[in-house]
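J.: Following this line is work-v3.pdb, made up of PDB, C-alpha atoms:
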```pdb
MODEL        1
ATOM      1  CA  MET A   1     124.933  84.206 123.674
ATOM      2  CA  ALA A   2     124.008  85.378 127.129
ATOM      3  CA  GLN A   3     123.597  82.694 129.708
ATOM      4  CA  ASN A   4     123.941  84.906 132.768
ATOM      5  CA  PHE A   5     122.055  87.880 134.010
ATOM      6  CA  GLU A   6     125.200  90.030 133.841
ATOM      7  CA  GLU A   7     125.704  89.309 130.146
ATOM      8  CA  LEU A   8     122.558  91.118 129.063
ATOM      9  CA  ASP A   9     123.155  94.414 127.231
ATOM     10  CA  PRO A  10     123.361  97.008 130.053
ATOM     11  CA  ILE A  11     121.934  99.704 127.771
ATOM     12  CA  LEU A  12     118.689  97.762 127.367
ATOM     13  CA  THR A  13     118.254  96.385 130.884
ATOM     14  CA  VAL A  14     116.969  99.774 132.052
ATOM     15  CA  PRO A  15     113.135  99.788 131.878
ATOM     16  CA  VAL A  16     112.495 103.086 130.100
ATOM     17  CA  ARG A  17     115.245 102.444 127.554
ATOM     18  CA  LEU A  18     113.879  98.964 126.833
ATOM     19  CA  ILE A  19     110.357 100.352 126.349
ATOM     20  CA  ILE A  20     111.627 103.044 123.958
ATOM     21  CA  VAL A  21     113.544 100.532 121.825
ATOM     22  CA  SER A  22     110.627  98.041 121.885
ATOM     23  CA  VAL A  23     108.281 100.752 120.617
ATOM     24  CA  LEU A  24     110.690 102.023 117.956
ATOM     25  CA  VAL A  25     111.101  98.499 116.559
ATOM     26  CA  LYS A  26     107.491  98.792 115.384
ATOM     27  CA  MET A  27     107.603 102.449 114.383
ATOM     28  CA  LYS A  28     109.321 104.177 111.480
ATOM     29  CA  GLN A  29     109.651 107.150 113.819
ATOM     30  CA  ALA A  30     108.091 108.505 117.006
ATOM     31  CA  ASP A  31     108.113 111.928 118.613
ATOM     32  CA  PHE A  32     108.998 112.848 122.195
ATOM     33  CA  LEU A  33     105.402 113.320 123.371
ATOM     34  CA  TYR A  34     104.361 109.924 122.021
ATOM     35  CA  LEU A  35     107.286 108.232 123.787
ATOM     36  CA  LYS A  36     106.487 110.118 126.992
ATOM     37  CA  GLU A  37     102.902 108.833 126.840
ATOM     38  CA  ILE A  38     104.007 105.256 126.157
ATOM     39  CA  THR A  39     106.777 105.144 128.768
ATOM     40  CA  LYS A  40     104.741 106.955 131.465
ATOM     41  CA  THR A  41     107.904 108.588 132.703
ATOM     42  CA  THR A  42     108.923 112.165 133.402
ATOM     43  CA  GLN A  43     110.165 114.562 130.742
ATOM     44  CA  GLY A  44     113.565 114.769 132.426
ATOM     45  CA  ASN A  45     114.010 111.017 132.712
ATOM     46  CA  LEU A  46     112.892 110.462 129.126
ATOM     47  CA  SER A  47     115.393 113.063 127.847
ATOM     48  CA  HIS A  48     118.128 111.420 129.906
ATOM     49  CA  GLN A  49     117.336 107.918 128.608
ATOM     50  CA  LEU A  50     117.046 109.104 124.994
ATOM     51  CA  LYS A  51     120.470 110.703 125.317
ATOM     52  CA  LYS A  52     121.928 107.420 126.630
ATOM     53  CA  LEU A  53     120.401 105.485 123.721
ATOM     54  CA  SER A  54     121.636 108.053 121.241
ATOM     55  CA  GLU A  55     125.170 107.964 122.713
ATOM     56  CA  ALA A  56     125.136 104.159 122.363
ATOM     57  CA  GLY A  57     124.162 104.601 118.706
ATOM     58  CA  TYR A  58     120.878 102.744 119.200
ATOM     59  CA  ILE A  59     118.626 105.623 118.147
ATOM     60  CA  GLU A  60     118.972 108.789 116.128
ATOM     61  CA  ILE A  61     117.342 111.980 117.317
ATOM     62  CA  GLU A  62     116.161 114.709 114.974
ATOM     63  CA  LYS A  63     115.239 118.122 116.335
ATOM     64  CA  THR A  64     112.696 119.933 114.179
ATOM     65  CA  SER A  65     109.840 122.341 114.763
ATOM     66  CA  LYS A  66     106.084 121.970 114.447
ATOM     67  CA  GLY A  67     104.493 125.371 114.103
ATOM     68  CA  ASN A  68     106.187 127.419 116.783
ATOM     69  CA  TYR A  69     107.049 124.435 118.963
ATOM     70  CA  PRO A  70     110.239 122.353 118.947
ATOM     71  CA  GLN A  71     109.762 118.717 118.056
ATOM     72  CA  THR A  72     112.014 115.774 118.825
ATOM     73  CA  ILE A  73     111.736 112.804 116.487
ATOM     74  CA  CYS A  74     113.395 109.469 117.327
ATOM     75  CA  ARG A  75     114.255 106.577 115.040
ATOM     76  CA  LEU A  76     115.864 103.230 115.730
ATOM     77  CA  THR A  77     119.241 102.723 114.027
ATOM     78  CA  LYS A  78     120.532  99.456 112.533
ATOM     79  CA  THR A  79     122.789  99.141 115.592
ATOM     80  CA  GLY A  80     119.760  99.530 117.854
ATOM     81  CA  GLN A  81     117.776  96.989 115.839
ATOM     82  CA  LYS A  82     120.596  94.435 116.084
ATOM     83  CA  ALA A  83     121.076  95.111 119.800
ATOM     84  CA  PHE A  84     117.348  94.600 120.425
ATOM     85  CA  GLU A  85     117.311  91.345 118.453
ATOM     86  CA  ALA A  86     120.365  90.101 120.339
ATOM     87  CA  TYR A  87     118.734  91.111 123.631
ATOM     88  CA  VAL A  88     115.554  89.169 122.843
ATOM     89  CA  VAL A  89     117.609  86.095 121.848
ATOM     90  CA  ALA A  90     119.609  86.415 125.078
ATOM     91  CA  ILE A  91     116.574  86.612 127.372
ATOM     92  CA  LYS A  92     114.865  83.755 125.538
ATOM     93  CA  THR A  93     117.993  81.646 125.954
ATOM     94  CA  TYR A  94     118.178  82.530 129.624
ATOM     95  CA  LEU A  95     114.530  81.594 130.084
ATOM     96  CA  HIS A  96     114.948  78.406 127.994
ATOM     97  CA  LEU A  97     112.230  79.513 125.567
TER      98      LEU A  97
ATOM     99  CA  MET B   1     100.143  93.800 133.728
ATOM    100  CA  LEU B   2      99.483  97.549 133.579
ATOM    101  CA  ILE B   3     100.585  97.974 137.195
ATOM    102  CA  ILE B   4     103.806  96.084 136.465
ATOM    103  CA  TYR B   5     104.353  98.188 133.343
ATOM    104  CA  LYS B   6     103.813 101.472 135.177
ATOM    105  CA  THR B   7     106.060 100.372 138.026
ATOM    106  CA  PHE B   8     108.893  99.609 135.626
ATOM    107  CA  ALA B   9     108.331 102.627 133.463
ATOM    108  CA  MET B  10     108.294 105.067 136.361
ATOM    109  CA  THR B  11     111.613 103.764 137.605
ATOM    110  CA  THR B  12     114.075 106.569 137.258
ATOM    111  CA  GLU B  13     116.984 104.695 138.734
ATOM    112  CA  GLU B  14     118.987 102.696 136.242
ATOM    113  CA  GLN B  15     118.287  99.371 137.854
ATOM    114  CA  ALA B  16     118.657  96.283 135.715
ATOM    115  CA  LEU B  17     115.668  94.221 134.695
ATOM    116  CA  SER B  18     115.633  90.460 135.005
ATOM    117  CA  PRO B  19     115.078  88.445 131.779
ATOM    118  CA  GLN B  20     111.523  87.621 132.889
ATOM    119  CA  GLU B  21     110.774  91.280 133.560
ATOM    120  CA  SER B  22     112.362  92.265 130.232
ATOM    121  CA  LEU B  23     110.218  89.873 128.249
ATOM    122  CA  ARG B  24     107.025  91.069 129.940
ATOM    123  CA  LEU B  25     107.980  94.705 129.392
ATOM    124  CA  ILE B  26     108.804  94.200 125.696
ATOM    125  CA  THR B  27     105.520  92.378 125.073
ATOM    126  CA  ASP B  28     103.509  95.018 126.878
ATOM    127  CA  ALA B  29     105.310  97.981 125.266
ATOM    128  CA  ILE B  30     104.728  96.600 121.766
ATOM    129  CA  SER B  31     101.045  95.928 122.477
ATOM    130  CA  ARG B  32     100.606  99.546 123.634
ATOM    131  CA  THR B  33     101.991 100.937 120.369
ATOM    132  CA  LYS B  34      98.973 102.366 118.600
ATOM    133  CA  GLU B  35      98.328 105.256 116.302
ATOM    134  CA  ASP B  36      95.318 107.475 115.992
ATOM    135  CA  LEU B  37      93.879 105.830 112.900
ATOM    136  CA  ALA B  38      91.355 108.583 112.335
ATOM    137  CA  LYS B  39      93.676 111.585 112.222
ATOM    138  CA  ASN B  40      94.519 111.265 108.522
ATOM    139  CA  SER B  41      91.109 110.135 107.296
ATOM    140  CA  PHE B  42      90.164 113.323 105.400
ATOM    141  CA  PRO B  43      91.706 112.582 101.956
ATOM    142  CA  PHE B  44      90.512 108.966 102.055
ATOM    143  CA  LEU B  45      86.903 109.964 102.776
ATOM    144  CA  LEU B  46      87.080 112.843 100.281
ATOM    145  CA  TRP B  47      88.035 110.448  97.461
ATOM    146  CA  GLY B  48      85.260 108.076  98.480
ATOM    147  CA  TRP B  49      82.664 110.843  98.214
ATOM    148  CA  LEU B  50      84.083 112.172  94.935
ATOM    149  CA  ILE B  51      84.088 108.790  93.200
ATOM    150  CA  ALA B  52      80.650 107.838  94.555
ATOM    151  CA  SER B  53      79.233 111.241  93.441
ATOM    152  CA  ALA B  54      80.845 110.884  90.007
ATOM    153  CA  SER B  55      79.306 107.402  89.665
ATOM    154  CA  PHE B  56      75.805 108.628  90.505
ATOM    155  CA  ALA B  57      76.156 111.717  88.275
ATOM    156  CA  PHE B  58      77.380 109.501  85.422
ATOM    157  CA  PHE B  59      74.363 107.212  85.905
ATOM    158  CA  VAL B  60      71.826 110.066  85.981
ATOM    159  CA  LEU B  61      73.324 111.924  82.999
ATOM    160  CA  HIS B  62      73.621 108.770  80.935
ATOM    161  CA  GLN B  63      70.247 107.338  81.850
ATOM    162  CA  TYR B  64      68.000 110.381  82.010
ATOM    163  CA  THR B  65      69.545 112.977  79.681
ATOM    164  CA  THR B  66      70.766 113.080  76.122
ATOM    165  CA  SER B  67      73.955 114.865  77.104
ATOM    166  CA  PRO B  68      77.022 113.517  75.296
ATOM    167  CA  TYR B  69      79.107 114.645  78.289
ATOM    168  CA  TYR B  70      77.769 112.067  80.744
ATOM    169  CA  PHE B  71      81.348 110.888  81.445
ATOM    170  CA  LEU B  72      82.536 114.350  82.535
ATOM    171  CA  PRO B  73      81.831 113.979  86.307
ATOM    172  CA  PHE B  74      84.779 111.561  86.598
ATOM    173  CA  PRO B  75      87.565 113.736  85.135
ATOM    174  CA  VAL B  76      86.142 116.930  86.694
ATOM    175  CA  LEU B  77      85.825 115.475  90.208
ATOM    176  CA  ALA B  78      89.178 113.651  89.887
ATOM    177  CA  ILE B  79      90.945 116.938  89.081
ATOM    178  CA  ALA B  80      89.130 118.659  91.978
ATOM    179  CA  GLY B  81      90.156 115.781  94.264
ATOM    180  CA  MET B  82      93.800 115.981  93.205
ATOM    181  CA  ILE B  83      93.925 119.740  93.845
ATOM    182  CA  ARG B  84      92.259 119.386  97.251
ATOM    183  CA  THR B  85      94.535 116.486  98.232
ATOM    184  CA  VAL B  86      97.678 118.435  97.306
ATOM    185  CA  VAL B  87      96.407 121.483  99.259
ATOM    186  CA  TYR B  88      95.607 119.241 102.261
ATOM    187  CA  TYR B  89      99.074 117.690 102.399
ATOM    188  CA  ARG B  90     100.764 121.081 101.947
ATOM    189  CA  GLN B  91      98.775 122.663 104.799
ATOM    190  CA  ARG B  92      99.097 119.710 107.149
ATOM    191  CA  SER B  93     102.221 119.415 109.250
ATOM    192  CA  THR B  94     103.956 116.094 108.732
ATOM    193  CA  SER B  95     103.073 113.480 111.308
ATOM    194  CA  ALA B  96     106.029 112.857 113.586
ATOM    195  CA  THR B  97     104.870 109.446 114.796
ATOM    196  CA  LEU B  98     104.501 106.863 112.074
ATOM    197  CA  SER B  99     104.292 103.094 112.277
ATOM    198  CA  TYR B 100     105.616 100.926 109.460
ATOM    199  CA  TYR B 101     102.138  99.661 108.717
ATOM    200  CA  THR B 102     100.759 103.186 108.261
ATOM    201  CA  VAL B 103     103.555 103.947 105.799
ATOM    202  CA  PHE B 104     102.719 100.708 103.982
ATOM    203  CA  LEU B 105      99.013 101.634 103.777
ATOM    204  CA  TYR B 106      99.784 105.109 102.384
ATOM    205  CA  LYS B 107     101.969 103.595  99.663
ATOM    206  CA  LEU B 108      99.432 100.879  98.911
ATOM    207  CA  TRP B 109      96.641 103.437  98.347
ATOM    208  CA  PHE B 110      98.955 105.685  96.326
ATOM    209  CA  VAL B 111      99.761 102.783  93.961
ATOM    210  CA  LEU B 112      96.089 101.767  93.793
ATOM    211  CA  GLY B 113      95.173 105.376  92.959
ATOM    212  CA  ILE B 114      97.567 105.302  90.006
ATOM    213  CA  SER B 115      96.129 101.908  88.990
ATOM    214  CA  PHE B 116      92.609 103.361  89.174
ATOM    215  CA  ILE B 117      93.516 106.209  86.805
ATOM    216  CA  ALA B 118      95.308 103.793  84.441
ATOM    217  CA  VAL B 119      92.369 101.367  84.380
ATOM    218  CA  VAL B 120      89.903 104.172  83.640
ATOM    219  CA  PHE B 121      92.116 105.517  80.860
ATOM    220  CA  LEU B 122      92.689 102.078  79.284
ATOM    221  CA  ASN B 123      89.006 101.142  79.340
ATOM    222  CA  VAL B 124      87.657 104.497  78.165
ATOM    223  CA  SER B 125      90.192 104.591  75.306
ATOM    224  CA  GLN B 126      88.798 101.212  74.201
ATOM    225  CA  SER B 127      85.210 102.481  74.601
ATOM    226  CA  LYS B 128      84.596 100.122  77.521
ATOM    227  CA  LEU B 129      83.205 100.842  80.963
ATOM    228  CA  PRO B 130      85.871 100.507  83.674
ATOM    229  CA  PHE B 131      83.585  99.830  86.656
ATOM    230  CA  THR B 132      84.251  96.087  87.102
ATOM    231  CA  TYR B 133      87.994  96.747  87.349
ATOM    232  CA  THR B 134      87.756  99.863  89.509
ATOM    233  CA  LEU B 135      85.597  97.853  91.931
ATOM    234  CA  LEU B 136      88.352  95.227  92.067
ATOM    235  CA  ILE B 137      90.955  97.919  92.777
ATOM    236  CA  GLY B 138      88.757  99.325  95.563
ATOM    237  CA  GLY B 139      88.340  95.796  96.905
ATOM    238  CA  ILE B 140      92.099  95.181  97.009
ATOM    239  CA  GLY B 141      92.752  98.395  98.943
ATOM    240  CA  THR B 142      89.821  98.101 101.329
ATOM    241  CA  LEU B 143      90.261  94.397 102.094
ATOM    242  CA  ALA B 144      94.037  94.724 102.545
ATOM    243  CA  SER B 145      93.550  97.766 104.830
ATOM    244  CA  GLY B 146      90.892  95.970 106.880
ATOM    245  CA  LEU B 147      93.041  92.876 107.334
ATOM    246  CA  ILE B 148      96.172  94.861 108.224
ATOM    247  CA  MET B 149      94.306  97.132 110.675
ATOM    248  CA  LYS B 150      92.269  94.185 111.973
ATOM    249  CA  PHE B 151      89.192  96.368 111.495
ATOM    250  CA  ASP B 152      86.238  94.154 110.594
ATOM    251  CA  ALA B 153      84.039  96.833 108.982
ATOM    252  CA  LEU B 154      86.743  97.554 106.372
ATOM    253  CA  THR B 155      87.376  93.853 105.812
ATOM    254  CA  ILE B 156      83.664  93.286 105.158
ATOM    255  CA  GLY B 157      83.662  96.397 102.933
ATOM    256  CA  GLY B 158      86.520  94.907 100.913
ATOM    257  CA  VAL B 159      84.602  91.651 100.458
ATOM    258  CA  LEU B 160      81.550  93.674  99.331
ATOM    259  CA  PHE B 161      83.688  95.284  96.608
ATOM    260  CA  PHE B 162      84.711  91.874  95.296
ATOM    261  CA  ILE B 163      81.081  90.693  95.305
ATOM    262  CA  ALA B 164      80.068  93.909  93.504
ATOM    263  CA  ALA B 165      82.859  93.430  90.929
ATOM    264  CA  ILE B 166      81.647  89.914  90.145
ATOM    265  CA  GLY B 167      78.014  91.083  90.246
ATOM    266  CA  SER B 168      78.782  93.873  87.771
ATOM    267  CA  VAL B 169      79.376  91.252  85.069
ATOM    268  CA  TYR B 170      75.699  90.315  85.358
ATOM    269  CA  VAL B 171      74.411  93.907  85.328
ATOM    270  CA  THR B 172      73.740  95.827  82.123
ATOM    271  CA  ASP B 173      76.134  98.653  81.279
ATOM    272  CA  ASP B 174      73.432 101.217  82.119
ATOM    273  CA  TYR B 175      73.357 100.174  85.774
ATOM    274  CA  LYS B 176      77.091  99.560  86.327
ATOM    275  CA  PRO B 177      77.793 103.152  87.478
ATOM    276  CA  LEU B 178      74.881 102.913  89.944
ATOM    277  CA  LEU B 179      76.275  99.658  91.353
ATOM    278  CA  HIS B 180      79.697 101.325  91.516
ATOM    279  CA  GLY B 181      78.383 104.239  93.574
ATOM    280  CA  VAL B 182      76.392 102.015  95.929
ATOM    281  CA  ALA B 183      79.439  99.728  96.442
ATOM    282  CA  ILE B 184      81.602 102.733  97.372
ATOM    283  CA  ILE B 185      79.055 103.928  99.945
ATOM    284  CA  PHE B 186      78.584 100.531 101.606
ATOM    285  CA  GLY B 187      82.035  99.059 101.023
ATOM    286  CA  TYR B 188      84.200 102.114 101.646
ATOM    287  CA  LEU B 189      82.484 105.214 103.051
ATOM    288  CA  ILE B 190      80.434 103.577 105.820
ATOM    289  CA  PRO B 191      83.424 101.501 107.058
ATOM    290  CA  GLY B 192      85.586 104.638 106.658
ATOM    291  CA  TYR B 193      83.341 106.688 108.972
ATOM    292  CA  ARG B 194      83.210 103.802 111.471
ATOM    293  CA  LEU B 195      87.013 103.789 111.448
ATOM    294  CA  LYS B 196      87.049 107.556 111.982
ATOM    295  CA  LYS B 197      84.858 107.162 115.063
ATOM    296  CA  PHE B 198      86.827 104.189 116.320
ATOM    297  CA  LYS B 199      89.067 105.079 119.237
ATOM    298  CA  ALA B 200      92.255 103.068 118.996
TER     299      ALA B 200
ENDMDL
END
```
Represent the supplied structure as structure tokens.

T.:
Amino acid sequence: MAQNFEELDPILTVPVRLIIVSVLVKMKQADFLYLKEITKTTQGNLSHQLKKLSEAGYIEIEKTSKGNYPQTICRLTKTGQKAFEAYVVAIKTYLHL
Amino acid sequence: MLIIYKTFAMTTEEQALSPQESLRLITDAISRTKEDLAKNSFPFLLWGWLIASASFAFFVLHQYTTSPYYFLPFPVLAIAGMIRTVVYYRQRSTSATLSYYTVFLYKLWFVLGISFIAVVFLNVSQSKLPFTYTLLIGGIGTLASGLIMKFDALTIGGVLFFIAAIGSVYVTDDYKPLLHGVAIIFGYLIPGYRLKKFKA
């Protein structure tokens, strides 16, 4: 149980990554454009943060095509779900909620 | 809140959030998660029109003609609806962004559709009119959808279906299909078009 700032999951303490995981908790799946709109970040930064989350095993990324355009679909993994739940418990504990 | 959200979200550096900032960001991100509710409305509205039309055609044929085939609008329009629905889903590219509640609503209406067909079959095979029970099925789907979407017009529409189902017990068999058609227009189609226009 995190009691200190430093103990929070470093993967999720980055704003864009936390937004992505928070959104995917509610979604079965979301595509790149939707996440870009929600996070209000740049294409490059979003790609970078998605890669970090994927490397941590928190999300899975599926590359497909829609018509003639490539499509990137993201889903939260069980690991990501557990990490998010643990993160929420940790910040609530820290804030004495 | 929006300014705070944008400030965090635009941060490209990997700076750590404080617990307070994290909690605010999570709350705000979840509240911004919305889907375009209207984008997949076509098959839902199509079925509303088909069943309402079949109800009115049934009423007119039964009431004002001597045709023994007054029941035919239902199977004919149901088959047409099934073909059109299959064509629609084959032509449409799969939606890449899906919330759990949308998936739940699709499955709910799929199961209710099967229930509708089963109820019609069971009642017709016993030479009974199915309208009281099909109104209840419509009420379950519409009221559940309205409550889940928090869309008042659909919720009221669902309640109207339940009132119509109870009311149908007090209406003679001749006028049950008319009540059925009117209930679909006011309880389902009008709220459905309001939902289509609604910008989430």

J.: Counting all atoms listed in the file, which residues sit no farther than 12 Å from the position (125.4, 105.9, 123.7) in the file's frame? I'd like them as a short mmCIF file (atom, residue, chain, number, x, y, z; two decimals) with C-alpha atoms, in the coordinates of the input.

T.:
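Just written: selection-v5.cif:
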```cif
data_model
loop_
_atom_site.label_atom_id
_atom_site.label_comp_id
_atom_site.auth_asym_id
_atom_site.auth_seq_id
_atom_site.Cartn_x
_atom_site.Cartn_y
_atom_site.Cartn_z
CA PRO A 10 123.36 97.01 130.05
CA ILE A 11 121.93 99.70 127.77
CA LEU A 12 118.69 97.76 127.37
CA ARG A 17 115.24 102.44 127.55
CA HIS A 48 118.13 111.42 129.91
CA GLN A 49 117.34 107.92 128.61
CA LEU A 50 117.05 109.10 124.99
CA LYS A 51 120.47 110.70 125.32
CA LYS A 52 121.93 107.42 126.63
CA LEU A 53 120.40 105.48 123.72
CA SER A 54 121.64 108.05 121.24
CA GLU A 55 125.17 107.96 122.71
CA ALA A 56 125.14 104.16 122.36
CA GLY A 57 124.16 104.60 118.71
CA TYR A 58 120.88 102.74 119.20
CA ILE A 59 118.63 105.62 118.15
CA GLU A 60 118.97 108.79 116.13
CA ILE A 61 117.34 111.98 117.32
CA THR A 77 119.24 102.72 114.03
CA THR A 79 122.79 99.14 115.59
CA GLY A 80 119.76 99.53 117.85
#
```

J.: Quick one: which residues end up in the ChimeraX specification (/B :<6) & /A for this structure, as a compact mmCIF listing (two decimals) with C-alpha atoms, in the coordinates of the input?

T.:
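The resulting file, part04.txt, is reproduced below:
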```txt
# COMPACT_ATOMS: atom_id res chain seq x y z
CA THR A 13 118.25 96.38 130.88
CA VAL A 14 116.97 99.77 132.05
CA PRO A 15 113.14 99.79 131.88
CA VAL A 16 112.50 103.09 130.10
CA ILE A 19 110.36 100.35 126.35
CA SER A 22 110.63 98.04 121.88
CA VAL A 23 108.28 100.75 120.62
CA MET A 27 107.60 102.45 114.38
CA LYS A 28 109.32 104.18 111.48
CA GLN A 29 109.65 107.15 113.82
CA ALA A 30 108.09 108.50 117.01
CA ASP A 31 108.11 111.93 118.61
CA THR A 39 106.78 105.14 128.77
CA LYS A 40 104.74 106.96 131.46
CA THR A 41 107.90 108.59 132.70
CA ILE A 91 116.57 86.61 127.37
```

J.: For CA of Gly192 (chain B) and CA of Ala118 (chain B), determine how far apart the two atoms are, in Å to one decimal place.

T.: 24.3 Å

J.: Once the PyMOL selection byres ((chain A and resi 67) around 12) has been applied to the shown file, what residues remain in the selection, as a PyMOL selection string?

T.: (chain A and resi 64-66+68-71) or (chain B and resi 91-94)

J.: Where's the centre, and what are the edge lengths in Å to one decimal, of a box along x, y and z enclosing all listed atoms of region 75-82 of chain B padded 8 Å per side, as lines of an AutoDock Vina configuration file?

T.:
```
center_x = 89.8
center_y = 116.2
center_z = 89.7
size_x = 24.0
size_y = 21.0
size_z = 25.1
```

J.: With the file shown as input, list the residues that the PyMOL selection byres ((chain B and resi 112-117) around 8) selects, as a PyMOL selection string.

T.: chain B and resi 108-111+118-121+134+137-138+141

J.: Pick out the closest residue to Tyr175 (chain B) from this set: B:Gln126, B:Thr132, B:Thr66, B:Thr142. Count only C-alpha atoms.

T.: B:Thr132

J.: Compile the contact shell of Ile163 (chain B) as a list in words: residues with an atom at most 10 Å away, counting only C-alpha atoms, same-chain residues fewer than 6 positions apart removed.

T.: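 Near neighbours after the sequence-gap exclusion: Leu135, Leu136, Gly139, Gly157 and Ala183 of chain B.
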
J.: Pick the closest to Ile38 (chain A) from A:Cys74, A:Ile20, A:Leu95, A:Leu8: which is it, counting all atoms listed in the file?

T.: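 Among the listed residues, the smallest separation from Ile38 (chain A) belongs to A:Ile20.
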
J.: How far is it from CA of Leu45 (chain B) to CA of Phe74 (chain B), in Å with one decimal?

T.: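 Answer for the CA of Leu45 (chain B) to CA of Phe74 (chain B) separation: 16.4 Å.
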
J.: Can you pull out the residues contacting Ile79 (chain B)? Cut-off 12 Å, using only C-alpha atoms, and skip same-chain residues under 3 positions away; I want them as a PyMOL selection string.

T.: chain B and resi 47+50-51+54+72-76+82-86+117

J.: In Å, with one decimal, what is the gap from CA of Arg194 (chain B) to CA of Leu77 (chain B)?

T.: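 According to the coordinates, CA of Arg194 (chain B) and CA of Leu77 (chain B) are separated by 24.4 Å.
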
J.: Can you complete the atoms of region 35-49 of chain A to N, CA, C and O atoms and list them as an mmCIF file, in the frame of the given file?

T.:
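Saved the output as part_30.cif:
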```cif
data_model
loop_
_atom_site.group_PDB
_atom_site.id
_atom_site.type_symbol
_atom_site.label_atom_id
_atom_site.label_comp_id
_atom_site.auth_asym_id
_atom_site.auth_seq_id
_atom_site.Cartn_x
_atom_site.Cartn_y
_atom_site.Cartn_z
ATOM 1 N N LEU A 35 106.459 109.109 122.942
ATOM 2 C CA LEU A 35 107.286 108.232 123.787
ATOM 3 C C LEU A 35 107.034 108.502 125.269
ATOM 4 O O LEU A 35 107.043 107.588 126.087
ATOM 5 N N LYS A 36 106.768 109.762 125.588
ATOM 6 C CA LYS A 36 106.487 110.118 126.992
ATOM 7 C C LYS A 36 105.187 109.443 127.438
ATOM 8 O O LYS A 36 105.089 108.909 128.547
ATOM 9 N N GLU A 37 104.200 109.450 126.533
ATOM 10 C CA GLU A 37 102.902 108.833 126.840
ATOM 11 C C GLU A 37 103.050 107.309 126.998
ATOM 12 O O GLU A 37 102.492 106.708 127.910
ATOM 13 N N ILE A 38 103.831 106.710 126.128
ATOM 14 C CA ILE A 38 104.007 105.256 126.157
ATOM 15 C C ILE A 38 104.822 104.814 127.374
ATOM 16 O O ILE A 38 104.506 103.825 128.027
ATOM 17 N N THR A 39 105.882 105.571 127.680
ATOM 18 C CA THR A 39 106.777 105.144 128.768
ATOM 19 C C THR A 39 106.240 105.531 130.148
ATOM 20 O O THR A 39 106.691 104.999 131.152
ATOM 21 N N LYS A 40 105.309 106.482 130.185
ATOM 22 C CA LYS A 40 104.741 106.955 131.465
ATOM 23 C C LYS A 40 105.831 107.451 132.411
ATOM 24 O O LYS A 40 105.771 107.230 133.619
ATOM 25 N N THR A 41 106.832 108.077 131.855
ATOM 26 C CA THR A 41 107.904 108.588 132.703
ATOM 27 C C THR A 41 107.940 110.115 132.642
ATOM 28 O O THR A 41 107.150 110.732 131.924
ATOM 29 N N THR A 42 108.855 110.700 133.369
ATOM 30 C CA THR A 42 108.923 112.165 133.402
ATOM 31 C C THR A 42 109.694 112.672 132.183
ATOM 32 O O THR A 42 110.470 111.924 131.564
ATOM 33 N N GLN A 43 109.473 113.947 131.875
ATOM 34 C CA GLN A 43 110.165 114.562 130.742
ATOM 35 C C GLN A 43 111.684 114.480 130.917
ATOM 36 O O GLN A 43 112.409 114.148 129.983
ATOM 37 N N GLY A 44 112.128 114.770 132.144
ATOM 38 C CA GLY A 44 113.565 114.769 132.426
ATOM 39 C C GLY A 44 114.176 113.391 132.267
ATOM 40 O O GLY A 44 115.238 113.229 131.646
ATOM 41 N N ASN A 45 113.476 112.378 132.816
ATOM 42 C CA ASN A 45 114.010 111.017 132.712
ATOM 43 C C ASN A 45 114.019 110.547 131.261
ATOM 44 O O ASN A 45 114.975 109.910 130.810
ATOM 45 N N LEU A 46 112.954 110.891 130.528
ATOM 46 C CA LEU A 46 112.892 110.462 129.126
ATOM 47 C C LEU A 46 114.045 111.087 128.333
ATOM 48 O O LEU A 46 114.728 110.396 127.564
ATOM 49 N N SER A 47 114.282 112.389 128.538
ATOM 50 C CA SER A 47 115.393 113.063 127.847
ATOM 51 C C SER A 47 116.709 112.374 128.167
ATOM 52 O O SER A 47 117.540 112.133 127.279
ATOM 53 N N HIS A 48 116.892 112.058 129.447
ATOM 54 C CA HIS A 48 118.128 111.420 129.906
ATOM 55 C C HIS A 48 118.317 110.061 129.223
ATOM 56 O O HIS A 48 119.395 109.742 128.710
ATOM 57 N N GLN A 49 117.238 109.267 129.184
ATOM 58 C CA GLN A 49 117.336 107.918 128.608
ATOM 59 C C GLN A 49 117.502 107.977 127.083
ATOM 60 O O GLN A 49 118.216 107.150 126.504
#
```
